[in-house]
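Participant: So here's target_33.pdb, just PDB, C-alpha atoms and all ligand atoms:
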ATOM      1  CA  MET A 531       0.000   0.000   0.000
ATOM      2  CA  GLN A 532       1.197   3.529  -0.751
ATOM      3  CA  SER A 533       2.184   5.426   2.347
ATOM      4  CA  SER A 534      -0.122   8.358   1.821
ATOM      5  CA  PRO A 535      -3.560   8.878   0.332
ATOM      6  CA  ALA A 536      -4.369  11.448  -2.293
ATOM      7  CA  ASP A 537      -5.328  15.033  -1.594
ATOM      8  CA  LEU A 538      -4.093  15.462   1.883
ATOM      9  CA  VAL A 539      -3.094  18.972   2.734
ATOM     10  CA  LYS A 540      -6.129  20.787   1.452
ATOM     11  CA  HIS A 541      -7.493  22.678   4.347
ATOM     12  CA  GLY A 542      -4.716  25.058   5.137
ATOM     13  CA  ALA A 543      -4.662  28.646   4.017
ATOM     14  CA  ALA A 544      -3.593  29.541   0.500
ATOM     15  CA  ALA A 545       0.170  29.338   0.203
ATOM     16  CA  PRO A 546       1.862  32.570   1.307
ATOM     17  CA  GLY A 547       3.848  32.649  -1.903
ATOM     18  CA  ALA A 548       0.789  32.104  -4.081
ATOM     19  CA  THR A 549       0.556  34.314  -7.139
ATOM     20  CA  PRO A 550      -1.794  37.193  -6.382
ATOM     21  CA  PRO A 551      -5.064  36.767  -8.241
ATOM     22  CA  SER A 552      -6.018  39.109 -11.025
ATOM     23  CA  ARG A 553      -9.681  38.778 -10.003
ATOM     24  CA  ALA A 554     -10.859  39.471  -6.455
ATOM     25  CA  ASP A 555     -12.731  36.169  -6.286
ATOM     26  CA  TRP A 556      -9.560  34.275  -7.276
ATOM     27  CA  THR A 557     -11.190  32.700 -10.327
ATOM     28  CA  ILE A 558      -9.159  32.137 -13.465
ATOM     29  CA  ASP A 559      -9.964  30.698 -16.864
ATOM     30  CA  GLN A 560      -9.803  26.932 -16.845
ATOM     31  CA  GLY A 561      -7.605  27.160 -19.930
ATOM     32  CA  TRP A 562      -8.886  23.848 -21.208
ATOM     33  CA  ALA A 563      -7.050  24.133 -24.548
ATOM     34  CA  SER A 564      -3.740  24.431 -22.676
ATOM     35  CA  TYR A 565      -3.826  20.963 -21.149
ATOM     36  CA  SER A 566      -1.128  18.764 -22.665
ATOM     37  CA  ALA A 567      -1.574  15.219 -23.904
ATOM     38  CA  ALA A 568       0.306  14.150 -20.774
ATOM     39  CA  ASP A 569      -2.222  16.019 -18.573
ATOM     40  CA  HIS A 570      -5.137  14.199 -20.227
ATOM     41  CA  ALA A 571      -3.234  10.924 -19.863
ATOM     42  CA  THR A 572      -2.808  11.503 -16.119
ATOM     43  CA  TRP A 573      -6.534  12.167 -15.836
ATOM     44  CA  LYS A 574      -7.231   8.936 -17.734
ATOM     45  CA  THR A 575      -4.994   6.889 -15.446
ATOM     46  CA  LEU A 576      -6.660   8.286 -12.353
ATOM     47  CA  PHE A 577     -10.167   8.053 -13.803
ATOM     48  CA  GLU A 578      -9.860   4.432 -14.888
ATOM     49  CA  ARG A 579      -8.271   3.247 -11.691
ATOM     50  CA  GLN A 580     -10.924   4.938  -9.565
ATOM     51  CA  THR A 581     -13.861   3.950 -11.775
ATOM     52  CA  GLN A 582     -12.939   0.282 -11.392
ATOM     53  CA  LEU A 583     -12.909   0.614  -7.648
ATOM     54  CA  LEU A 584     -16.074   2.575  -7.005
ATOM     55  CA  PRO A 585     -18.922   0.157  -7.858
ATOM     56  CA  GLY A 586     -20.092  -1.289  -4.552
ATOM     57  CA  ARG A 587     -18.014   1.282  -2.672
ATOM     58  CA  ALA A 588     -19.328   4.746  -3.648
ATOM     59  CA  CYS A 589     -22.856   5.630  -2.558
ATOM     60  CA  ASP A 590     -25.737   5.605  -5.050
ATOM     61  CA  ALA A 591     -25.852   9.424  -5.213
ATOM     62  CA  PHE A 592     -22.214   9.530  -6.306
ATOM     63  CA  VAL A 593     -22.696   6.879  -8.992
ATOM     64  CA  GLN A 594     -25.854   8.552 -10.329
ATOM     65  CA  GLY A 595     -24.222  11.988 -10.338
ATOM     66  CA  MET A 596     -21.196  10.703 -12.209
ATOM     67  CA  ARG A 597     -23.365   8.962 -14.801
ATOM     68  CA  ALA A 598     -25.334  12.122 -15.599
ATOM     69  CA  LEU A 599     -22.283  14.381 -15.994
ATOM     70  CA  PRO A 600     -19.946  14.904 -18.971
ATOM     71  CA  ILE A 601     -17.037  13.272 -17.137
ATOM     72  CA  ALA A 602     -15.164  10.527 -18.971
ATOM     73  CA  ALA A 603     -11.770   8.850 -19.170
ATOM     74  CA  ASP A 604     -10.506  10.384 -22.377
ATOM     75  CA  ARG A 605     -10.123  14.023 -21.327
ATOM     76  CA  ILE A 606     -10.071  16.421 -18.417
ATOM     77  CA  PRO A 607     -13.640  17.740 -18.163
ATOM     78  CA  ASP A 608     -14.543  21.192 -19.421
ATOM     79  CA  PHE A 609     -15.942  23.252 -16.518
ATOM     80  CA  GLU A 610     -18.423  25.084 -18.728
ATOM     81  CA  ARG A 611     -20.010  21.849 -19.866
ATOM     82  CA  LEU A 612     -20.101  20.562 -16.295
ATOM     83  CA  SER A 613     -21.718  23.794 -15.162
ATOM     84  CA  GLU A 614     -24.465  23.557 -17.792
ATOM     85  CA  VAL A 615     -25.545  20.166 -16.493
ATOM     86  CA  LEU A 616     -25.122  21.055 -12.829
ATOM     87  CA  MET A 617     -27.039  24.290 -13.278
ATOM     88  CA  ARG A 618     -30.016  22.414 -14.716
ATOM     89  CA  HIS A 619     -30.049  19.886 -11.886
ATOM     90  CA  THR A 620     -29.113  21.781  -8.731
ATOM     91  CA  GLY A 621     -28.180  25.335  -9.720
ATOM     92  CA  TRP A 622     -24.445  24.878  -9.137
ATOM     93  CA  GLN A 623     -21.502  25.943 -11.296
ATOM     94  CA  VAL A 624     -17.852  24.928 -11.349
ATOM     95  CA  VAL A 625     -15.349  27.803 -11.475
ATOM     96  CA  ALA A 626     -11.599  27.470 -11.966
ATOM     97  CA  VAL A 627      -9.105  28.539  -9.288
ATOM     98  CA  PRO A 628      -5.313  28.088  -9.157
ATOM     99  CA  GLY A 629      -5.444  25.886  -6.015
ATOM    100  CA  LEU A 630      -6.249  26.686  -2.394
ATOM    101  CA  VAL A 631      -7.956  30.036  -1.996
ATOM    102  CA  PRO A 632      -8.388  32.040   1.237
ATOM    103  CA  ASP A 633     -11.190  30.795   3.495
ATOM    104  CA  GLU A 634     -13.510  33.758   2.980
ATOM    105  CA  VAL A 635     -13.129  33.513  -0.799
ATOM    106  CA  PHE A 636     -13.899  29.794  -0.649
ATOM    107  CA  PHE A 637     -16.984  30.314   1.542
ATOM    108  CA  GLU A 638     -18.252  33.179  -0.613
ATOM    109  CA  HIS A 639     -18.177  30.918  -3.693
ATOM    110  CA  LEU A 640     -19.960  28.054  -1.939
ATOM    111  CA  ALA A 641     -22.579  30.381  -0.477
ATOM    112  CA  ASN A 642     -23.396  31.334  -4.088
ATOM    113  CA  ARG A 643     -23.417  27.775  -5.391
ATOM    114  CA  ARG A 644     -20.114  28.077  -7.216
ATOM    115  CA  PHE A 645     -17.688  25.260  -6.612
ATOM    116  CA  PRO A 646     -14.049  26.403  -6.908
ATOM    117  CA  ALA A 647     -12.035  23.682  -8.624
ATOM    118  CA  GLY A 648      -8.285  23.599  -9.138
ATOM    119  CA  ASN A 649      -7.617  23.787 -12.882
ATOM    120  CA  PHE A 650      -4.252  22.007 -12.767
ATOM    121  CA  ILE A 651      -3.645  18.275 -12.647
ATOM    122  CA  ARG A 652      -1.093  16.496 -10.476
ATOM    123  CA  SER A 653       2.134  15.222 -12.008
ATOM    124  CA  PRO A 654       2.563  11.502 -12.752
ATOM    125  CA  GLN A 655       5.047  11.352  -9.842
ATOM    126  CA  GLN A 656       2.298  12.474  -7.478
ATOM    127  CA  LEU A 657      -0.574  10.153  -8.350
ATOM    128  CA  ASP A 658      -1.198   9.316  -4.705
ATOM    129  CA  TYR A 659      -0.090  12.399  -2.904
ATOM    130  CA  LEU A 660      -0.534  16.098  -3.469
ATOM    131  CA  GLN A 661      -0.571  19.258  -1.440
ATOM    132  CA  GLU A 662      -3.447  21.136  -3.002
ATOM    133  CA  PRO A 663      -6.763  20.098  -4.493
ATOM    134  CA  ASP A 664      -6.347  19.544  -8.227
ATOM    135  CA  VAL A 665      -8.879  18.995 -10.994
ATOM    136  CA  PHE A 666      -9.092  15.277 -10.285
ATOM    137  CA  HIS A 667      -9.915  15.674  -6.611
ATOM    138  CA  ASP A 668     -12.289  18.570  -7.174
ATOM    139  CA  VAL A 669     -14.119  17.336 -10.269
ATOM    140  CA  PHE A 670     -14.056  13.576  -9.857
ATOM    141  CA  GLY A 671     -14.456  13.685  -6.063
ATOM    142  CA  HIS A 672     -16.792  16.620  -5.428
ATOM    143  CA  VAL A 673     -18.804  17.414  -8.539
ATOM    144  CA  PRO A 674     -20.851  14.162  -8.766
ATOM    145  CA  MET A 675     -22.181  14.767  -5.257
ATOM    146  CA  LEU A 676     -23.234  18.308  -6.231
ATOM    147  CA  MET A 677     -25.807  16.706  -8.533
ATOM    148  CA  ASN A 678     -27.632  15.540  -5.414
ATOM    149  CA  PRO A 679     -30.121  18.142  -4.129
ATOM    150  CA  VAL A 680     -29.381  17.450  -0.461
ATOM    151  CA  ILE A 681     -25.621  17.758  -0.863
ATOM    152  CA  ALA A 682     -26.111  20.800  -3.084
ATOM    153  CA  ASP A 683     -27.976  22.586  -0.288
ATOM    154  CA  TYR A 684     -25.658  21.311   2.413
ATOM    155  CA  ILE A 685     -22.489  22.619   0.762
ATOM    156  CA  GLN A 686     -24.087  25.984   0.102
ATOM    157  CA  ALA A 687     -25.088  26.106   3.788
ATOM    158  CA  TYR A 688     -21.487  25.330   4.677
ATOM    159  CA  GLY A 689     -20.411  28.421   2.721
ATOM    160  CA  VAL A 690     -22.954  30.614   4.504
ATOM    161  CA  GLY A 691     -22.032  28.988   7.819
ATOM    162  CA  GLY A 692     -18.331  29.511   7.109
ATOM    163  CA  LEU A 693     -18.729  33.242   6.701
ATOM    164  CA  ARG A 694     -20.652  33.308   9.975
ATOM    165  CA  ALA A 695     -18.205  31.004  11.783
ATOM    166  CA  GLN A 696     -15.352  33.285  10.808
ATOM    167  CA  LYS A 697     -17.060  36.195  12.544
ATOM    168  CA  LEU A 698     -17.728  34.022  15.600
ATOM    169  CA  GLY A 699     -14.155  32.704  15.687
ATOM    170  CA  ARG A 700     -15.401  29.123  15.196
ATOM    171  CA  LEU A 701     -13.726  28.191  11.942
ATOM    172  CA  LYS A 702     -11.882  25.273  13.481
ATOM    173  CA  GLU A 703     -15.102  23.597  14.603
ATOM    174  CA  LEU A 704     -16.853  24.257  11.305
ATOM    175  CA  ALA A 705     -13.933  22.946   9.258
ATOM    176  CA  ARG A 706     -14.101  19.664  11.177
ATOM    177  CA  VAL A 707     -17.719  19.202  10.157
ATOM    178  CA  TYR A 708     -16.790  19.745   6.511
ATOM    179  CA  TRP A 709     -13.844  17.417   6.810
ATOM    180  CA  TYR A 710     -15.777  14.530   8.335
ATOM    181  CA  THR A 711     -18.750  14.907   5.973
ATOM    182  CA  VAL A 712     -17.978  16.427   2.555
ATOM    183  CA  GLU A 713     -14.375  15.171   2.470
ATOM    184  CA  PHE A 714     -14.329  11.919   4.464
ATOM    185  CA  GLY A 715     -17.946  10.944   5.054
ATOM    186  CA  LEU A 716     -19.373   7.422   4.928
ATOM    187  CA  VAL A 717     -23.063   6.577   4.687
ATOM    188  CA  LYS A 718     -25.155   3.497   5.431
ATOM    189  CA  GLN A 719     -27.042   2.067   2.500
ATOM    190  CA  ALA A 720     -29.406  -0.910   2.537
ATOM    191  CA  ASP A 721     -26.635  -2.888   0.822
ATOM    192  CA  GLY A 722     -23.841  -1.791   3.144
ATOM    193  CA  LEU A 723     -21.466   1.000   4.066
ATOM    194  CA  ARG A 724     -20.638   3.400   1.235
ATOM    195  CA  ILE A 725     -18.391   6.402   0.503
ATOM    196  CA  TYR A 726     -19.727   9.893  -0.138
ATOM    197  CA  GLY A 727     -16.697  11.991   0.920
ATOM    198  CA  ALA A 728     -14.640  13.418  -1.946
ATOM    199  CA  GLY A 729     -11.313  12.959  -0.167
ATOM    200  CA  ILE A 730     -11.996   9.231  -0.105
ATOM    201  CA  ALA A 731     -13.729   8.896  -3.480
ATOM    202  CA  SER A 732     -10.797  10.542  -5.291
ATOM    203  CA  SER A 733      -8.146   8.445  -3.522
ATOM    204  CA  PHE A 734      -7.270   4.972  -4.755
ATOM    205  CA  THR A 735      -5.718   3.882  -1.476
ATOM    206  CA  GLU A 736      -8.137   5.531   0.934
ATOM    207  CA  THR A 737     -11.165   4.151  -0.922
ATOM    208  CA  GLN A 738      -9.977   0.715   0.132
ATOM    209  CA  PHE A 739      -8.751   1.701   3.584
ATOM    210  CA  ALA A 740     -11.857   3.646   4.651
ATOM    211  CA  LEU A 741     -14.280   0.799   3.966
ATOM    212  CA  ALA A 742     -12.306  -2.382   4.449
ATOM    213  CA  ASP A 743      -9.237  -1.901   6.633
ATOM    214  CA  PRO A 744      -9.621  -3.132  10.237
ATOM    215  CA  SER A 745      -7.600  -0.167  11.538
ATOM    216  CA  PRO A 746      -9.916   2.881  11.564
ATOM    217  CA  ASN A 747     -12.966   3.471  13.753
ATOM    218  CA  ARG A 748     -16.289   3.965  12.019
ATOM    219  CA  LEU A 749     -18.620   5.920  14.265
ATOM    220  CA  GLY A 750     -22.143   7.266  13.973
ATOM    221  CA  PHE A 751     -22.106  10.934  12.957
ATOM    222  CA  GLU A 752     -23.010  13.341  15.736
ATOM    223  CA  LEU A 753     -22.561  17.081  15.166
ATOM    224  CA  GLU A 754     -21.014  18.283  18.416
ATOM    225  CA  ARG A 755     -18.869  15.188  18.709
ATOM    226  CA  VAL A 756     -17.434  15.872  15.257
ATOM    227  CA  MET A 757     -16.882  19.561  16.040
ATOM    228  CA  ARG A 758     -14.604  18.474  18.886
ATOM    229  CA  THR A 759     -12.616  15.966  16.860
ATOM    230  CA  ARG A 760      -9.218  16.828  15.392
ATOM    231  CA  TYR A 761      -8.329  15.347  12.031
ATOM    232  CA  ARG A 762      -5.254  14.231  10.149
ATOM    233  CA  ILE A 763      -4.229  16.052   7.014
ATOM    234  CA  ASP A 764      -1.119  13.968   6.362
ATOM    235  CA  ASP A 765      -2.455  10.428   6.222
ATOM    236  CA  PHE A 766      -5.562   8.226   6.234
ATOM    237  CA  GLN A 767      -8.153   9.142   8.848
ATOM    238  CA  GLU A 768      -8.125   7.280  12.164
ATOM    239  CA  SER A 769     -11.899   7.616  12.464
ATOM    240  CA  TYR A 770     -14.644   7.996   9.882
ATOM    241  CA  PHE A 771     -18.139   9.219  10.716
ATOM    242  CA  VAL A 772     -21.134   7.421   9.292
ATOM    243  CA  LEU A 773     -24.495   8.909   8.358
ATOM    244  CA  ASP A 774     -27.620   6.739   8.566
ATOM    245  CA  ASP A 775     -28.869   8.526   5.479
ATOM    246  CA  LEU A 776     -27.580  11.313   3.207
ATOM    247  CA  ASP A 777     -30.818  13.142   3.947
ATOM    248  CA  ASP A 778     -29.532  13.705   7.492
ATOM    249  CA  LEU A 779     -27.377  16.452   5.946
ATOM    250  CA  LEU A 780     -30.561  18.308   5.068
ATOM    251  CA  ALA A 781     -31.307  18.885   8.752
ATOM    252  CA  LEU A 782     -27.679  19.840   9.269
ATOM    253  CA  ALA A 783     -27.926  22.451   6.514
ATOM    254  CA  GLN A 784     -30.824  24.077   8.324
ATOM    255  CA  ILE A 785     -29.625  24.269  11.897
ATOM    256  CA  ASP A 786     -27.933  27.234  13.473
ATOM    257  CA  PHE A 787     -24.468  25.999  14.418
ATOM    258  CA  ALA A 788     -23.878  28.738  16.996
ATOM    259  CA  PRO A 789     -25.317  26.897  20.049
ATOM    260  CA  ALA A 790     -23.478  23.734  19.028
ATOM    261  CA  TYR A 791     -20.187  25.667  18.778
ATOM    262  CA  GLN A 792     -20.799  26.891  22.306
ATOM    263  CA  ARG A 793     -21.342  23.403  23.682
ATOM    264  CA  ALA A 794     -18.500  21.897  21.669
ATOM    265  CA  ALA A 795     -16.134  24.611  22.892
ATOM    266  CA  LEU A 796     -16.993  23.775  26.522
ATOM    267  CA  ALA A 797     -16.091  20.117  26.072
ATOM    268  CA  ALA A 798     -12.569  18.778  25.548
ATOM    269  CA  GLU A 799     -11.071  18.363  22.097
ATOM    270  CA  LEU A 800     -10.838  14.763  20.961
ATOM    271  CA  GLU A 801      -7.994  12.955  19.298
ATOM    272  CA  PRO A 802      -8.758  11.463  15.880
ATOM    273  CA  SER A 803      -8.386   7.960  17.318
ATOM    274  CA  GLU A 804     -10.588   8.387  20.392
ATOM    275  CA  VAL A 805     -13.795   6.386  20.930
ATOM    276  CA  LEU A 806     -16.253   7.576  23.574
ATOM    277  CA  PRO A 807     -18.748   5.483  25.579
ATOM    278  CA  SER A 808     -21.485   7.628  24.016
ATOM    279  CA  ASP A 809     -20.383   6.857  20.434
ATOM    280  CA  ARG A 810     -22.528   4.701  18.207
ATOM    281  CA  VAL A 811     -19.815   2.330  17.109
ATOM    282  CA  VAL A 812     -20.197   0.832  13.652
ATOM    283  CA  THR A 813     -16.674  -0.626  13.703
ATOM    284  CA  ARG A 814     -14.175  -0.385  16.521
ATOM    285  CA  GLY A 815     -10.817  -0.049  14.785
ATOM    286  CA  THR A 816      -7.627  -1.855  15.779
ATOM    287  CA  GLY A 817      -5.600   1.337  15.265
ATOM    288  CA  LEU A 818      -2.866  -0.853  13.847
ATOM    289  CA  TYR A 819      -2.142   1.147  10.695
ATOM    290  CA  HIS A 820      -1.237   4.358  12.545
ATOM    291  CA  ALA A 821       0.409   2.531  15.484
ATOM    292  CA  VAL A 822       2.875   0.858  13.124
ATOM    293  CA  LYS A 823       3.644   4.190  11.483
ATOM    294  CA  ARG A 824       4.236   5.923  14.792
ATOM    295  CA  GLU A 825       6.825   3.302  15.690
ATOM    296  CA  ALA A 826       8.598   3.455  12.344
TER
HETATM  297  N1  LIG B 901      -9.740  26.385  -1.376
HETATM  298  N2  LIG B 901      -9.736  25.659  -3.553
HETATM  299  C1  LIG B 901      -9.989  25.433  -2.270
HETATM  300  N3  LIG B 901     -10.516  24.232  -1.902
HETATM  301  C2  LIG B 901     -10.797  23.955  -0.584
HETATM  302  O1  LIG B 901     -11.285  22.845  -0.264
HETATM  303  C3  LIG B 901     -10.529  24.939   0.380
HETATM  304  C4  LIG B 901      -9.989  26.169  -0.061
HETATM  305  N4  LIG B 901      -9.725  27.139   0.834
HETATM  306  C5  LIG B 901      -9.987  26.963   2.239
HETATM  307  C6  LIG B 901     -10.519  25.640   2.582
HETATM  308  N5  LIG B 901     -10.780  24.733   1.692
HETATM  309  C7  LIG B 901     -10.764  25.246   4.019
HETATM  310  O2  LIG B 901      -9.742  25.761   4.804
HETATM  311  C8  LIG B 901     -12.148  25.621   4.519
HETATM  312  O3  LIG B 901     -13.047  24.602   4.151
HETATM  313  C9  LIG B 901     -12.183  25.769   6.020
HETATM  314 FE    FE B 902     -12.054  18.640  -1.321
END
In structure tokens, how does this file's structure come out?
Facilitator:
Amino acid sequence: MQSSPADLVKHGAAAPGATPPSRADWTIDQGWASYSAADHATWKTLFERQTQLLPGRACDAFVQGMRALPIAADRIPDFERLSEVLMRHTGWQVVAVPGLVPDEVFFEHLANRRFPAGNFIRSPQQLDYLQEPDVFHDVFGHVPMLMNPVIADYIQAYGVGGLRAQKLGRLKELARVYWYTVEFGLVKQADGLRIYGAGIASSFTETQFALADPSPNRLGFELERVMRTRYRIDDFQESYFVLDDLDDLLALAQIDFAPAYQRAALAAELEPSEVLPSDRVVTRGTGLYHAVKREA
């Protein structure tokens, strides 16, 4: 197994040395015509490898979203064509950005149903590890879920909530909710546990680890519990949180997080590996994967 999953360090601030944007909202042209044959080939490698893995592992909403979108193996998708289809279904658009953008810029886009996607693609030397979200993570991982009306509303609410959380000084708690849902969420389906988080769905190694490895905990999602839980940006997660139903995010999109921030702030922070007596345990992990690494 590769030592590190794809798209790890994505929730920091934009790099200090990042080129200043020419537009205030940090959007750029996708520059589709500028992709090289090698860029399209990298996309194809990633697409085919992931597409083989996802049946029986990705949730139904992901599979349906992917099927209805102009996303295929042969070329990096064109954001304008994606946006046309998304707009018809859920009113979302995909806009190109150079990579990580500042938090308030990111939230402002989401609050207006624009998904900022990195326009670049990782190098062939970095198939399983990269520092910033690229077009494969953002388009393959996130965009199919934006075809689902519940997720579409939930991610917009996260943008609105992010702007508010910033004013309240609660960004850390809010970011954890995003991390453990939109990026690394699992969901129960009648036919078993499935992936809906983009950080998992776009990672060849973590797709297998998150569902099948005995190491991580899989715990019932609970808002305040998740707000208190630190996460790893440099490796597979030690715990995944499981929704009973994707529709549970609908309620989450409607609640006012402020009282929950208050309660979460009063309780202790939790380590990513911790299991509490109050947790609804789906799988109690062995912790072996990270224990071995810590010793190495
Ligand atoms: N920018 N392009 C991009 N993608 C992200 O996922 C992203 C970002 N900026 C900030 C950010 N995420 C997170 O720090 C927030 O979700 C908290
Ligand atoms: Fe992401």
Participant: Closest to ligand LIG 901 (chain B) among A:Pro551, A:Pro679, A:Gly621, A:Gly689, using only C-alpha atoms and all ligand atoms?
Facilitator: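 Among the listed residues, A:Gly689 lies closest to ligand LIG 901 (chain B).
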Participant: Please measure the separation of atom C9 of ligand LIG 901 (chain B) and atom CA of Asp633 of chain A, giving the value in Å to one decimal.
Facilitator: 5.7 Å
Participant: List all protein, DNA and RNA residues that have any atom at most 6 Å from ligand FE 902 (chain B), counting all atoms listed in the file, and write the list as a PyMOL selection string.
Facilitator: chain A and resi 668+713+728-729
Participant: Using only C-alpha atoms, which of the listed residues (A:Leu612, A:Ile601, A:Leu753, A:Leu698) sits closest to Arg793 of chain A?
Facilitator: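 Closest to Arg793 of chain A, using only C-alpha atoms: A:Leu753.
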Participant: When distances are computed from all atoms listed in the file, which of A:Ser653, A:Thr735, A:Gln719, A:Thr557 shows the smallest separation from ligand LIG 901 (chain B)?
Facilitator: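 Checking each of A:Ser653, A:Thr735, A:Gln719, A:Thr557 against ligand LIG 901 (chain B), counting all atoms listed in the file, the winner is A:Thr557.
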Participant: Determine the nearest neighbour of Tyr710 of chain A from the options A:Leu657, A:Val772, A:Met677, A:Leu599, counting only C-alpha atoms.
Facilitator: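 Between A:Leu657, A:Val772, A:Met677, A:Leu599, the residue approaching Tyr710 of chain A most closely is A:Val772.
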Participant: Quick one: residues within 10 Å of Asp743 of chain A, only C-alpha atoms counted, chain neighbours fewer than 5 positions away excluded, as a PyMOL selection string?
Facilitator: chain A and resi 736-738+815-819
Participant: Taking all atoms listed in the file into account, which of A:Thr813, A:Gln661, A:Ser613, A:Gln784 comes nearest Val690 of chain A?
Facilitator: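 Among A:Thr813, A:Gln661, A:Ser613, A:Gln784, it is A:Gln784 that comes nearest to Val690 of chain A.
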